[in-house]
There are 2 protein chains.
Amino acid sequence: MFESAELGHTIDNKRFHKEAEHLRVELQRAQYELREAARFPVLILVSGVDGGGKRETISKLYEWMDPRYLSTLAFTTPTDEERDRPTMWRYWRSLPPKGRIGVFSSGSWYSNPIAASVAGGQVSHLLEHEMTRINRFEGMLVNEGALVLKFWLHLSKKAQKARFEKLEADPRTAWQVTKESWARLKTQPQLLEVAGHALRVTNTPWAPWIVVDGSDDNYRNLQVGKTLLEAIRYRLDKQTPMTYPVAPPLIPKLDGRDVLSELDLSQKLSKMQYEKQLAKYQGRLSELMRSPLLAKRALIIVFEGSDAAGKGGAIRRVSAAMDTRQFQIVPIAAPTDEESAQPYLWRFWRHVPRKGHVTIFDRSWYGRVLVERVEGFCSEADWLRAYAEINDFEHALDSADNLVIKFWLQIDKDEQLVRFKEREATEFKRFKITEDDWRNREKWDAYHDAAVDMMDRTSTGQAPWVVVEANDKHFARIKVLRTVCERLEQALRIESSTGNPGSRNLVQHKRKPGRHDDQADH
Amino acid sequence: MFESAELGHTIDNKRFHKEAEHLRVELQRAQYELREAARFPVLILVSGVDGGGKRETISKLYEWMDPRYLSTLAFTTPTDEERDRPTMWRYWRSLPPKGRIGVFSSGSWYSNPIAASVAGGQVSHLLEHEMTRINRFEGMLVNEGALVLKFWLHLSKKAQKARFEKLEADPRTAWQVTKESWARLKTQPQLLEVAGHALRVTNTPWAPWIVVDGSDDNYRNLQVGKTLLEAIRYRLDKQTPMTYPVAPPLIPKLDGRDVLSELDLSQKLSKMQYEKQLAKYQGRLSELMRSPLLAKRALIIVFEGSDAAGKGGAIRRVSAAMDTRQFQIVPIAAPTDEESAQPYLWRFWRHVPRKGHVTIFDRSWYGRVLVERVEGFCSEADWLRAYAEINDFEHALDSADNLVIKFWLQIDKDEQLVRFKEREATEFKRFKITEDDWRNREKWDAYHDAAVDMMDRTSTGQAPWVVVEANDKHFARIKVLRTVCERLEQALRIESSTGNPGSRNLVQHKRKPGRHDDQADH
C-alpha cells in the first residue's frame with residue numbers, strides 16, 4: 001500500500017511556483033462552479049503518519065481556495081453532547097452540503113478503530129467489522145452523490161525521523177514535536193501494519209485511498225491539489241448522473257517516479273556467480289519441498305511482468321528443484337469457452353492446489369487489471385472492483401494456509417527490443433514473438449501505470465509483490481529462487497513453532513514477511 | 001423477516017393444477033431461451049427450516065423444467081479434496097455456467113456460519129464477518145452477470161410440529177422425521193434468531209432473500225416457481241446489460257394475504273374501558289419516564305401508517321405522559337433546502353435525542369421506501385439500497401442504547417373514506433385534508449405492497465415493527481401506550497440487571513422483545 005510513497009518524491013521550487021499559480025486559479029474556478037451548480041458535496045479526508053504534513057497541506061488548500069466555502073472538521077475527545085449519541089452522529093452533523101467542501105482532518109471515522117487496533121496490538125475482527133461499516137457508510141455517501149477523496153500522507157520511518165529532527169531544530173516549529181511524537185515513532189511499524197490493512201479493506205471503487213509521499217512539501221501539496229482539482233473537474237464536467245458509484249480516475253505521480261521507474265536494472269551476476277548460487281538455492285528449495293511440514297501448506301507462485309521479461313526461464317529454474325508430481329504450471333492465455341461462461345476468477349479457483357502441492361501461474365488473475373484494463377476488454381467499473389475481489393481471493397487462500405508469492409519481472413524498453421529482435425532472429429524462439437507483442441509494446445506507458453496501480457492496491461501483508469530487476473536473466477532467476485526459499489522457510493518456521501497453522505485467527509495475520517524493498521540485493 | 005411467512009398461506013388444488021400447467025410451459029420456454037442466449041447463469045439457493053419443504057420444492061422444479069439442464073448441488077461433510085482447499089473452493093467448482101441453472105440445496109455457503117453461530121448460542125462478530133464476506137461473494141457473482149435467487153422456506157414452530165406429526169403418521173414419509181428433527185425443533189427459536197439476523201444482513205439489493213411460507217405444498221411450490229419464472233423472464237427480456245446490480249422485482253404473495261390484510265381491524269374498546277386504561281398506562285409511562293435509569297437511554301418512537309390512521313391522536317396520548325422538557329415531536333414533511341443538500345438520512349440524524357430524552361417522529365426515514373418508492377421520487381436502485389441503510393442506521397442507534405419503537409397504524413379503505421369526509425365537513429379539521437390525500441388514496445394497493453415489503457425487510461430484533469389495528473381510535477391509542485410502557489420496562493429491566501448497557505457487545509443483541517404477533521390483544 002505504501003511502497004510508492006516511500007521513494008522520496010520531490011518537486012523543485014521553480015516548477016512548484018509555476019504550477020501552483022495555475023493550480024490556484026483553476027481550483028478557485030472549480031470551487032465557484034461547484035458552489036453555483038450545488039449538485040454534489042466534496043468530502044476530503046486528510047490522514048497519515050505524524051509529520052506527514054497534514055496541517056501544512058490543509059493550510060495550503062486554504063491559501064489556494066476561497067476559505068469562506070471551505071470548512072475543516074477536526075474531532076478530538078467527544079463533547080458531552082456527542083457522547084450522548086451514536087458514534088457517527090458527530091460526523092453526520094458536520095457533513096458538507098451540496099456545493100461545499102469539507103476537510104476532515106484529525107479524528108475522522110477511521111481514527112478510533114485504527115487507534116484501538118494498534119493499542120490492542122493486532123488486526124482484529126472488530127477492526128474488520130468497523131471497516132465494513134465504514135465501507136457501507138461511504139458507499140451510502142457516494143450513492144447520495146458525494147465526491148469522497150481520502151488522502152493518506154505517508155513518510156517512511158527514516159523520513160519521519162528526519163522530519164522530526166528538522167522541526168525540532170527550528171524554534172518556530174519545535175513545539176510541533178512532542179514526547180508523544182517520538183514515542184509514536186517507535187510504534188510506527190504497528191501503526192502501518194494496522195493502517196495498511198484498514199486502507200486495503202476500505203480501498204473501494206467508490207472511495208479509494210490516495211497515498212501521497214509526504215516527505216517533500218512541494219511534491220505533497222501539488223499532488224494533493226492537482227488530484228483534488230482533477231476529481232472535482234471530472235464530476236463537474238460529467239453532465240449525466242453516475243449510474244454506478246465509481247470514484248474519478250486518479251492522476252499519475254507528478255514527478256514521474258514510481259516503484260518500477262526507481263529500480264536499479266543494472267544489477268547483474270556473472271555466469272560463475274550465477275551457477276554457484278543456482279546450485280545453492282535449488283538445493284535449498286528441493287530440501288524445503290521435502291519437509292513434512294509442507295503437507296499442511298499449499299504454495300502458489302504468480303509470475304507477471306513485461307513481455308519477454310524472462311518469466312518462462314525463471315519458472316523453469318524454480319520447477320527444476322521440485323518433484324514433478326508436486327507441482328503444476330498453469331499458463332494463462334485467452335479463456336476457454338467453458339471459462340468464459342463463468343465469473344472471472346473461476347478459472348483460477350479451479351487450479352488452487354491441494355495441501356502439499358504447488359501451482360505456478362505464468363500470468364494470472366492480475367490480467368484483469370493489466371491487459372483487460374489497458375486493452376478495454378472489460379469496463380472501468382469491472383477492473384476497479386477487481387482489486388477488492390483479488391484481495392478477497394488471496395485472503396481466502398491465505399486463510400486456508402496457502403502461501404502466495406507474487407513476482408513482477410521488470411525489464412526496460414531497450415532490453416525488450418533487444419529480446420524481441422533476438423526472438424525473431426532465432427529459429428526455435430520465433431514462435432514466442434507475435435504481432436500482439438509489438439502492439440503491446442506501443443502501449444508501454446499504459447501498462448506501466450496499470451502495473452504501478454496494481455502493486456499499490458494489491459501488495460498485502462499476506463501476499464506482497466516482489467519486484468524483480470530482470471534486465472539480467474541471471475540476477476532475476478536467483479532473486480526469484482532466493483525469495484521462494486526465504487518465504488517458504490519463514491512459513492514453515494511459523495508452522496513448526498505453532499504446530500497448527502489452521503488455528504490462526506481468520507483475519508489476524510502474520511507480520512508482513514518482507515516487502516520488496518527489504519529484498520534489495522547485496 | 002419471517003412474519004409474512006407465518007400466516008398459513010394456501011392455494012387450493014383446483015387453482016394449483018390450472019396455474020401449474022401454464023407455469024410448466026412457461027418455465028420450459030424460459031429455460032430454453034436461457035440456454036440458447038447463454039448470457040447469464042441462474043443460481044437458486046433453497047434454504048429454510050426442517051420440514052419447510054426444501055426437498056419437495058426442488059422435486060417440483062425438476063418436474064416442471066427440463067432436468068437435463070438443471071443441477072442440484074448438495075454439500076455435506078467436505079471430501080478430503082475439499083478439506084485441502086479454501087472453504088469456498090467447493091462452491092466455485094460447482095457454479096453453473098452461463099445459460100444453466102444450479103440449485104444449491106443443503107450445505108450452501110450460509111450453512112456452516114449459521115450452524116456455528118446457533119451452536120455458540122449467539123449472533124457473533126464472526127457471523128457478522130462471514131455474512132459480509134458472503135455479501136461480497138454474491139455481489140461479485142451478480143456483477144459478473146449471475147441471477148441469484150435465495151429462497152427461505154419458512155414454518156412457524158407450530159406448523160413445523162404439525163408437519164412432523166403428519167409425516168410420521170404416514171409410513172411412506174415417516175423416515176424423514178428423525179430424533180434430530182425433534183431435537184432441532186426445540187432449538188428453533190435460536191435458529192430463527194441467528195438466521196433472521198443473517199438473512200437481514202445479507203438481504204442485499206443485488207441478492208435479496210425471498211421468504212416463502214412452507215406450510216402448504218401448493219402455495220409454496222407455485223410461489224417459488226412463479227418467482228423463478230418472473231425473474232428469469234425479466235433478465236431475458238432486458239436487452240441492455242445492467243449498469244447497477246439490482247435483483248429483479250419480486251411478485252406479491254399469490255393468495256393476496258399478508259401481515260396487513262390479516263389484521264383483525266374490528267377490535268375496539270368502549271369509551272369507559274378506554275378512559276380507564278388510558279389513565280392506567282399514562283400513569284405507568286409517566287412513572288417510567290422519571291426512572292433514573294432512563295438517564296443512560298434515549299427513546300425514539302416512530303409513527304407510520306395510512307393517511308388519517310390517527311397518528312397525531314396517538315402521539316398526543318403518549319406525549320401527554322411526558323415532561324415537555326424531555327421530548328420533541330418531529331413531523332416529517334418535504335425536506336428543507338438545507339436538508340435536500342444532504343444525504344437522505346441526514347435530516348433524521350440531526351434529531352437523534354440525547355440520553356434521557358425522547359424523539360417522536362410523525363412519519364420518518366421510512367418515507368424513502370413508502371412515498372418516495374410509490375411516487376417515483378427516487379430511483380429503484382435508491383429505495384432498494386435504503387432497506388440496508390435503514391437497518392444500519394437503527395443498528396447504530398441500538399448500539400448507542402437508543403430504544404427504537406416503530407408503529408404502523410393500519411385502517412381499512414372504508415374507514416379512511418369516512419375520516420376523509422369527516423375532515424372535509426369539520427371546520428377545524430379541514431386543513432388536515434388535501435388533494436394529495438385523495439391522490440394517495442388512489443394508490444392504496446401500491447402503498448400497501450410497499451408497507452408489507454418494508455415490514456418484511458426492516459423488522460429487526462432490536463427494532464421490530466408493531467402493527468396497530470387502528471379502525472377504532474381507542475383501541476389503537478391504548479395498544480400504542482401499552483407497547484411503549486412494556487418495551488421501556490423491558491429495556492430498563494435489562495439495564496438495572498446488567499448495570500451497564502454500554503458494555504453490550506456491538507453486534508450481539510438482546511432476545512427479540514416481542515414481535516408484533518406477540519402483541520395480540522386480550
# chains A, B, ... in the order shown; residues from 1 in each chain; ligands from 1
>>> closest_atom_pairs(of="chain B", to="chain A", cutoff="7 Å", atoms="only C-alpha atoms", output="tab-separated table")
residue	atom	partner	partner_atom	distance
B:Asp84	CA	A:Arg354	CA	5.1
B:Arg85	CA	A:Arg354	CA	5.9
B:Pro86	CA	A:Ala400	CA	4.9
B:Trp89	CA	A:Trp349	CA	6.7
B:Trp92	CA	A:Trp346	CA	6.5
B:Arg93	CA	A:Arg350	CA	6.4
B:Pro97	CA	A:Ala341	CA	5.0
B:Lys98	CA	A:Ala341	CA	4.9
B:His125	CA	A:His125	CA	6.8
B:His129	CA	A:His129	CA	6.5
B:Leu141	CA	A:Pro343	CA	6.6
B:Glu144	CA	A:Pro343	CA	5.5
B:Thr243	CA	A:Tyr244	CA	6.4
B:Tyr244	CA	A:Tyr244	CA	5.5
B:Ala341	CA	A:Lys98	CA	4.8
B:Gln342	CA	A:Pro97	CA	5.2
B:Pro343	CA	A:Glu144	CA	5.5
B:Trp346	CA	A:Trp92	CA	6.5
B:Trp349	CA	A:Trp89	CA	6.7
B:Arg350	CA	A:Arg93	CA	6.4
B:Arg354	CA	A:Asp84	CA	5.1
B:Lys355	CA	A:Asp84	CA	5.2
B:Ala396	CA	A:Pro86	CA	6.2
B:Leu397	CA	A:Pro86	CA	6.0
B:Ala400	CA	A:Pro86	CA	4.9
>>> select_by_dssp(residues="segment 92-157 of chain B", states="strand (DSSP E)", output="list in words")
Ile101, Gly102, Val103, Phe104, Leu147, Val148, Leu149, Lys150, Phe151, Trp152, Leu153 and His154 of chain B
>>> write_last_selection(atoms="all heavy atoms", output="compact mmCIF listing (two decimals), in the first residue's frame")
# COMPACT_ATOMS: atom_id res chain seq x y z
N ILE B 101 -28.86 -23.58 -14.99
CA ILE B 101 -29.46 -23.31 -13.67
C ILE B 101 -28.87 -24.27 -12.65
O ILE B 101 -28.85 -25.48 -12.86
CB ILE B 101 -30.99 -23.50 -13.72
CG1 ILE B 101 -31.60 -22.53 -14.74
CG2 ILE B 101 -31.62 -23.27 -12.34
CD1 ILE B 101 -33.10 -22.73 -14.96
N GLY B 102 -28.36 -23.74 -11.56
CA GLY B 102 -27.84 -24.58 -10.48
C GLY B 102 -28.65 -24.35 -9.22
O GLY B 102 -28.87 -23.21 -8.83
N VAL B 103 -29.10 -25.44 -8.61
CA VAL B 103 -29.88 -25.33 -7.37
C VAL B 103 -28.99 -25.75 -6.20
O VAL B 103 -28.57 -26.89 -6.13
CB VAL B 103 -31.12 -26.25 -7.42
CG1 VAL B 103 -31.95 -26.08 -6.15
CG2 VAL B 103 -31.96 -25.96 -8.65
N PHE B 104 -28.68 -24.80 -5.33
CA PHE B 104 -27.89 -25.12 -4.14
C PHE B 104 -28.85 -25.47 -3.02
O PHE B 104 -29.58 -24.62 -2.53
CB PHE B 104 -27.02 -23.93 -3.74
CG PHE B 104 -25.88 -23.70 -4.70
CD1 PHE B 104 -26.09 -23.01 -5.88
CD2 PHE B 104 -24.62 -24.20 -4.44
CE1 PHE B 104 -25.06 -22.81 -6.80
CE2 PHE B 104 -23.58 -24.01 -5.34
CZ PHE B 104 -23.80 -23.32 -6.52
N LEU B 147 -27.80 -14.36 -12.09
CA LEU B 147 -29.07 -14.10 -11.41
C LEU B 147 -29.05 -14.97 -10.16
O LEU B 147 -28.97 -16.20 -10.26
CB LEU B 147 -30.23 -14.47 -12.32
CG LEU B 147 -31.63 -14.46 -11.70
CD1 LEU B 147 -32.03 -13.07 -11.23
CD2 LEU B 147 -32.66 -14.98 -12.72
N VAL B 148 -29.10 -14.35 -9.00
CA VAL B 148 -29.01 -15.10 -7.74
C VAL B 148 -30.34 -15.00 -7.00
O VAL B 148 -30.78 -13.90 -6.66
CB VAL B 148 -27.87 -14.55 -6.84
CG1 VAL B 148 -27.80 -15.32 -5.53
CG2 VAL B 148 -26.54 -14.62 -7.57
N LEU B 149 -31.01 -16.15 -6.80
CA LEU B 149 -32.29 -16.17 -6.11
C LEU B 149 -32.15 -16.98 -4.83
O LEU B 149 -31.79 -18.16 -4.88
CB LEU B 149 -33.37 -16.81 -7.00
CG LEU B 149 -33.77 -15.99 -8.24
CD1 LEU B 149 -34.60 -16.85 -9.18
CD2 LEU B 149 -34.54 -14.75 -7.84
N LYS B 150 -32.42 -16.35 -3.71
CA LYS B 150 -32.25 -17.04 -2.43
C LYS B 150 -33.61 -17.23 -1.75
O LYS B 150 -34.22 -16.25 -1.33
CB LYS B 150 -31.33 -16.23 -1.52
CG LYS B 150 -29.99 -15.89 -2.16
CD LYS B 150 -29.02 -15.20 -1.20
CE LYS B 150 -29.48 -13.84 -0.77
NZ LYS B 150 -28.41 -13.04 -0.12
N PHE B 151 -34.05 -18.47 -1.68
CA PHE B 151 -35.35 -18.76 -1.05
C PHE B 151 -35.14 -19.26 0.38
O PHE B 151 -34.26 -20.08 0.64
CB PHE B 151 -36.11 -19.84 -1.83
CG PHE B 151 -36.56 -19.39 -3.19
CD1 PHE B 151 -35.86 -19.74 -4.33
CD2 PHE B 151 -37.71 -18.60 -3.32
CE1 PHE B 151 -36.28 -19.31 -5.59
CE2 PHE B 151 -38.14 -18.18 -4.57
CZ PHE B 151 -37.42 -18.54 -5.71
N TRP B 152 -35.96 -18.77 1.29
CA TRP B 152 -36.01 -19.32 2.64
C TRP B 152 -37.41 -19.87 2.83
O TRP B 152 -38.39 -19.12 2.84
CB TRP B 152 -35.72 -18.24 3.69
CG TRP B 152 -35.83 -18.76 5.09
CD1 TRP B 152 -36.95 -18.79 5.88
CD2 TRP B 152 -34.78 -19.33 5.89
NE1 TRP B 152 -36.67 -19.34 7.10
CE2 TRP B 152 -35.34 -19.69 7.14
CE3 TRP B 152 -33.42 -19.58 5.67
CZ2 TRP B 152 -34.59 -20.29 8.15
CZ3 TRP B 152 -32.68 -20.16 6.69
CH2 TRP B 152 -33.25 -20.51 7.90
N LEU B 153 -37.53 -21.20 2.95
CA LEU B 153 -38.84 -21.83 3.13
C LEU B 153 -39.12 -21.93 4.62
O LEU B 153 -38.41 -22.61 5.36
CB LEU B 153 -38.84 -23.21 2.48
CG LEU B 153 -38.39 -23.22 1.01
CD1 LEU B 153 -38.52 -24.61 0.41
CD2 LEU B 153 -39.19 -22.20 0.18
N HIS B 154 -40.16 -21.22 5.03
CA HIS B 154 -40.38 -21.00 6.45
C HIS B 154 -41.59 -21.76 6.99
O HIS B 154 -42.54 -22.03 6.27
CB HIS B 154 -40.58 -19.49 6.69
CG HIS B 154 -40.52 -19.14 8.14
ND1 HIS B 154 -39.34 -19.16 8.84
CD2 HIS B 154 -41.49 -18.80 9.02
CE1 HIS B 154 -39.59 -18.82 10.08
NE2 HIS B 154 -40.88 -18.60 10.23
>>> closest_residue(among="A:Glu26, A:Glu304, A:Glu193, A:Glu275", to="Pro331 of chain A", atoms="only C-alpha atoms")
A:Glu304
>>> residues_around(residues="Phe475 of chain B", least_positions_apart="5", cutoff="9 Å", atoms="only C-alpha atoms", output="VMD selection string")
chain B and resid 267 to 270 274 468 to 470 480
>>> write_last_selection(atoms="all heavy atoms", output="compact mmCIF listing (two decimals), in the first residue's frame")
# COMPACT_ATOMS: atom_id res chain seq x y z
N GLN B 267 -61.33 -4.93 16.20
CA GLN B 267 -61.08 -4.82 17.63
C GLN B 267 -61.36 -3.39 18.11
O GLN B 267 -60.96 -2.43 17.50
CB GLN B 267 -59.62 -5.19 17.94
CG GLN B 267 -59.32 -6.64 17.63
CD GLN B 267 -57.86 -6.98 17.88
OE1 GLN B 267 -57.50 -7.34 18.99
NE2 GLN B 267 -57.03 -6.86 16.87
N LYS B 268 -62.08 -3.29 19.24
CA LYS B 268 -62.39 -1.95 19.75
C LYS B 268 -62.49 -1.92 21.27
O LYS B 268 -62.56 -2.96 21.93
CB LYS B 268 -63.67 -1.42 19.11
CG LYS B 268 -64.89 -2.32 19.27
CD LYS B 268 -66.14 -1.64 18.70
CE LYS B 268 -66.05 -1.49 17.18
NZ LYS B 268 -67.27 -0.98 16.57
N LEU B 269 -62.49 -0.72 21.81
CA LEU B 269 -62.65 -0.51 23.25
C LEU B 269 -63.80 0.47 23.45
O LEU B 269 -63.95 1.44 22.70
CB LEU B 269 -61.40 0.10 23.85
CG LEU B 269 -60.15 -0.77 23.99
CD1 LEU B 269 -59.02 0.04 24.63
CD2 LEU B 269 -60.43 -2.01 24.82
N SER B 270 -64.61 0.21 24.49
CA SER B 270 -65.67 1.17 24.81
C SER B 270 -65.04 2.43 25.40
O SER B 270 -63.89 2.41 25.84
CB SER B 270 -66.64 0.56 25.82
OG SER B 270 -65.97 0.46 27.07
N TYR B 274 -61.68 2.53 27.62
CA TYR B 274 -60.61 3.41 27.12
C TYR B 274 -60.13 4.37 28.21
O TYR B 274 -58.94 4.47 28.47
CB TYR B 274 -61.12 4.16 25.90
CG TYR B 274 -60.20 5.26 25.42
CD1 TYR B 274 -58.92 4.97 24.92
CD2 TYR B 274 -60.59 6.60 25.48
CE1 TYR B 274 -58.07 5.98 24.48
CE2 TYR B 274 -59.75 7.61 25.04
CZ TYR B 274 -58.50 7.30 24.55
OH TYR B 274 -57.66 8.29 24.13
N VAL B 468 -50.52 -1.78 14.45
CA VAL B 468 -51.62 -1.40 15.34
C VAL B 468 -52.92 -1.36 14.54
O VAL B 468 -53.02 -0.65 13.53
CB VAL B 468 -51.34 -0.01 15.96
CG1 VAL B 468 -52.50 0.41 16.86
CG2 VAL B 468 -50.03 -0.03 16.73
N GLU B 469 -53.91 -2.15 14.99
CA GLU B 469 -55.22 -2.15 14.36
C GLU B 469 -55.90 -0.83 14.76
O GLU B 469 -56.22 -0.64 15.93
CB GLU B 469 -56.04 -3.35 14.85
CG GLU B 469 -55.38 -4.70 14.58
CD GLU B 469 -54.32 -5.12 15.62
OE1 GLU B 469 -53.92 -4.28 16.44
OE2 GLU B 469 -53.91 -6.29 15.58
N ALA B 470 -56.14 0.06 13.78
CA ALA B 470 -56.48 1.44 14.14
C ALA B 470 -57.85 1.90 13.66
O ALA B 470 -58.14 3.10 13.69
CB ALA B 470 -55.38 2.38 13.64
N VAL B 480 -50.80 1.40 21.54
CA VAL B 480 -49.56 2.16 21.42
C VAL B 480 -48.97 2.45 22.80
O VAL B 480 -47.79 2.17 23.08
CB VAL B 480 -49.80 3.48 20.65
CG1 VAL B 480 -48.65 4.46 20.86
CG2 VAL B 480 -50.02 3.20 19.18
>>> residues_around(residues="Arg200 of chain A", least_positions_apart="2", cutoff="10 Å", atoms="only C-alpha atoms", output="ChimeraX atom specification")
/A:1,131,195-198,202-204,208-209,387-388,391,456-460
>>> residues_around(residues="segment 213-228 of chain A", least_positions_apart="6", cutoff="10 Å", atoms="only C-alpha atoms", output="short mmCIF file (atom, residue, chain, number, x, y, z; two decimals) with N, CA and C atoms, in the first residue's frame")
data_model
loop_
_atom_site.label_atom_id
_atom_site.label_comp_id
_atom_site.auth_asym_id
_atom_site.auth_seq_id
_atom_site.Cartn_x
_atom_site.Cartn_y
_atom_site.Cartn_z
N PHE A 2 2.02 1.20 0.71
CA PHE A 2 2.77 2.43 0.93
C PHE A 2 4.06 2.51 0.10
N GLU A 3 4.36 1.45 -0.67
CA GLU A 3 5.65 1.39 -1.36
C GLU A 3 5.95 2.65 -2.19
N SER A 4 4.97 3.04 -3.02
CA SER A 4 5.19 4.16 -3.93
C SER A 4 5.47 5.45 -3.18
N ALA A 5 4.98 5.52 -1.93
CA ALA A 5 5.10 6.77 -1.19
C ALA A 5 6.36 6.82 -0.33
N GLU A 6 7.26 5.86 -0.54
CA GLU A 6 8.50 5.89 0.24
C GLU A 6 9.70 6.15 -0.65
N LEU A 7 9.45 6.70 -1.85
CA LEU A 7 10.54 6.88 -2.80
C LEU A 7 11.23 8.23 -2.65
N GLY A 8 10.68 9.11 -1.80
CA GLY A 8 11.28 10.43 -1.69
C GLY A 8 11.00 11.30 -2.91
N HIS A 9 9.72 11.39 -3.28
CA HIS A 9 9.35 12.23 -4.42
C HIS A 9 9.63 13.69 -4.12
N THR A 10 10.11 14.42 -5.11
CA THR A 10 10.33 15.87 -4.89
C THR A 10 9.92 16.67 -6.12
N ILE A 11 9.62 17.94 -5.88
CA ILE A 11 9.35 18.91 -6.95
C ILE A 11 10.16 20.15 -6.58
N ASP A 12 10.95 20.70 -7.53
CA ASP A 12 11.76 21.85 -7.16
C ASP A 12 10.91 23.12 -7.08
N ASN A 13 11.45 24.13 -6.39
CA ASN A 13 10.68 25.36 -6.14
C ASN A 13 10.20 26.04 -7.41
N ARG A 15 9.48 24.81 -10.43
CA ARG A 15 8.32 24.13 -11.01
C ARG A 15 7.10 24.32 -10.11
N PHE A 16 7.34 24.22 -8.78
CA PHE A 16 6.22 24.33 -7.85
C PHE A 16 5.51 25.67 -8.01
N HIS A 17 6.28 26.76 -8.00
CA HIS A 17 5.64 28.08 -8.03
C HIS A 17 4.91 28.30 -9.34
N GLU A 19 3.56 25.97 -11.31
CA GLU A 19 2.35 25.16 -11.39
C GLU A 19 1.33 25.54 -10.33
N ALA A 20 1.82 25.99 -9.17
CA ALA A 20 0.91 26.35 -8.09
C ALA A 20 0.05 27.56 -8.49
N LEU A 23 -2.60 26.32 -10.73
CA LEU A 23 -3.49 25.45 -9.95
C LEU A 23 -4.47 26.28 -9.12
N ARG A 24 -3.95 27.35 -8.52
CA ARG A 24 -4.76 28.21 -7.66
C ARG A 24 -5.94 28.79 -8.44
N GLU A 26 -7.28 27.61 -11.18
CA GLU A 26 -8.18 26.53 -11.59
C GLU A 26 -9.00 26.00 -10.41
N LEU A 27 -8.37 25.92 -9.25
CA LEU A 27 -9.09 25.44 -8.07
C LEU A 27 -10.20 26.40 -7.68
N ALA A 30 -13.01 26.01 -10.14
CA ALA A 30 -13.77 24.79 -9.88
C ALA A 30 -14.65 24.95 -8.64
N VAL A 42 -18.22 17.80 -1.57
CA VAL A 42 -16.90 17.18 -1.65
C VAL A 42 -16.40 16.92 -0.23
N ILE A 44 -13.19 15.65 1.88
CA ILE A 44 -11.76 15.35 1.79
C ILE A 44 -11.29 14.84 3.14
N VAL A 46 -8.04 13.92 5.27
CA VAL A 46 -6.59 14.02 5.27
C VAL A 46 -6.05 13.25 6.47
N GLY A 48 -2.84 10.21 7.83
CA GLY A 48 -1.45 9.86 7.57
C GLY A 48 -0.63 9.80 8.84
N VAL A 49 0.66 9.57 8.67
CA VAL A 49 1.54 9.44 9.83
C VAL A 49 1.88 10.82 10.38
N GLY A 51 3.87 14.00 11.16
CA GLY A 51 4.92 14.63 10.37
C GLY A 51 4.74 14.45 8.88
N GLY A 52 3.66 13.78 8.47
CA GLY A 52 3.41 13.57 7.05
C GLY A 52 2.91 14.82 6.36
N GLY A 53 2.61 15.86 7.16
CA GLY A 53 2.26 17.15 6.55
C GLY A 53 0.77 17.41 6.44
N LYS A 54 -0.03 16.83 7.34
CA LYS A 54 -1.47 17.05 7.29
C LYS A 54 -1.79 18.53 7.46
N GLU A 56 0.11 21.21 7.13
CA GLU A 56 0.63 22.06 6.06
C GLU A 56 -0.20 21.92 4.78
N THR A 57 -0.63 20.71 4.48
CA THR A 57 -1.42 20.50 3.27
C THR A 57 -2.74 21.25 3.35
N ILE A 58 -3.39 21.15 4.50
CA ILE A 58 -4.68 21.82 4.66
C ILE A 58 -4.50 23.34 4.59
N SER A 59 -3.41 23.87 5.21
CA SER A 59 -3.15 25.31 5.12
C SER A 59 -3.00 25.73 3.66
N LYS A 60 -2.31 24.91 2.91
CA LYS A 60 -2.08 25.25 1.50
C LYS A 60 -3.41 25.27 0.74
N LEU A 61 -4.29 24.32 1.04
CA LEU A 61 -5.59 24.32 0.37
C LEU A 61 -6.36 25.61 0.69
N TRP A 64 -4.94 28.35 -1.41
CA TRP A 64 -5.26 28.25 -2.83
C TRP A 64 -6.75 28.48 -3.12
N MET A 65 -7.62 28.15 -2.16
CA MET A 65 -9.04 28.21 -2.46
C MET A 65 -9.71 29.35 -1.69
N LEU A 149 -12.83 11.94 -1.22
CA LEU A 149 -11.40 11.79 -1.51
C LEU A 149 -10.66 11.53 -0.22
N PHE A 151 -7.09 11.00 1.46
CA PHE A 151 -5.63 11.08 1.30
C PHE A 151 -4.93 10.47 2.51
N TRP A 152 -3.90 9.71 2.26
CA TRP A 152 -3.02 9.24 3.33
C TRP A 152 -1.64 9.83 3.04
N LEU A 153 -1.20 10.74 3.91
CA LEU A 153 0.11 11.37 3.71
C LEU A 153 1.15 10.53 4.43
N HIS A 154 2.06 9.99 3.64
CA HIS A 154 2.95 8.96 4.16
C HIS A 154 4.39 9.43 4.31
N LEU A 155 5.09 8.83 5.24
CA LEU A 155 6.53 9.01 5.41
C LEU A 155 7.10 7.65 5.81
N SER A 156 8.28 7.30 5.27
CA SER A 156 8.95 6.11 5.79
C SER A 156 9.43 6.47 7.19
N ALA A 159 12.31 8.86 7.01
CA ALA A 159 11.93 10.22 6.63
C ALA A 159 11.21 10.90 7.78
N GLN A 160 10.45 10.11 8.54
CA GLN A 160 9.71 10.69 9.66
C GLN A 160 10.69 11.18 10.73
N ALA A 162 13.80 12.08 10.26
CA ALA A 162 14.49 13.25 9.72
C ALA A 162 13.63 14.50 9.87
N ARG A 163 12.33 14.33 9.62
CA ARG A 163 11.44 15.48 9.70
C ARG A 163 11.32 15.99 11.14
N TYR A 234 -13.73 16.50 -13.07
CA TYR A 234 -14.29 15.30 -13.69
C TYR A 234 -15.78 15.21 -13.39
N PRO A 248 -13.63 9.10 -9.46
CA PRO A 248 -12.94 9.54 -10.67
C PRO A 248 -11.55 8.90 -10.77
N PRO A 249 -11.01 8.76 -12.00
CA PRO A 249 -9.65 8.23 -12.15
C PRO A 249 -8.64 9.15 -11.47
N LEU A 250 -7.51 8.60 -11.09
CA LEU A 250 -6.50 9.40 -10.39
C LEU A 250 -5.39 9.82 -11.35
N ILE A 251 -4.69 10.87 -10.98
CA ILE A 251 -3.58 11.33 -11.82
C ILE A 251 -2.31 10.58 -11.43
N PRO A 252 -1.40 10.36 -12.40
CA PRO A 252 -0.15 9.66 -12.06
C PRO A 252 0.75 10.53 -11.17
N LYS A 253 1.81 9.92 -10.64
CA LYS A 253 2.74 10.65 -9.79
C LYS A 253 3.34 11.83 -10.56
N LEU A 254 3.34 13.02 -9.91
CA LEU A 254 3.74 14.25 -10.59
C LEU A 254 5.16 14.24 -11.10
N ASP A 255 6.07 13.59 -10.36
CA ASP A 255 7.46 13.64 -10.80
C ASP A 255 7.83 12.43 -11.66
#
>>> closest_residue(among="A:Pro335, A:Pro113, A:Gly312, A:Gly256", to="Asp362 of chain A", atoms="only C-alpha atoms")
A:Gly312
>>> atom_distance(atom1="atom CA of Ile433 of chain B", atom2="atom CA of Gly305 of chain B")
15.5 Å
>>> select_by_dssp(residues="segment 143-199 of chain A", states="helix (DSSP H, G or I)", output="VMD selection string")
chain A and resid 143 157 to 169 174 to 176 179 to 186 188 to 199
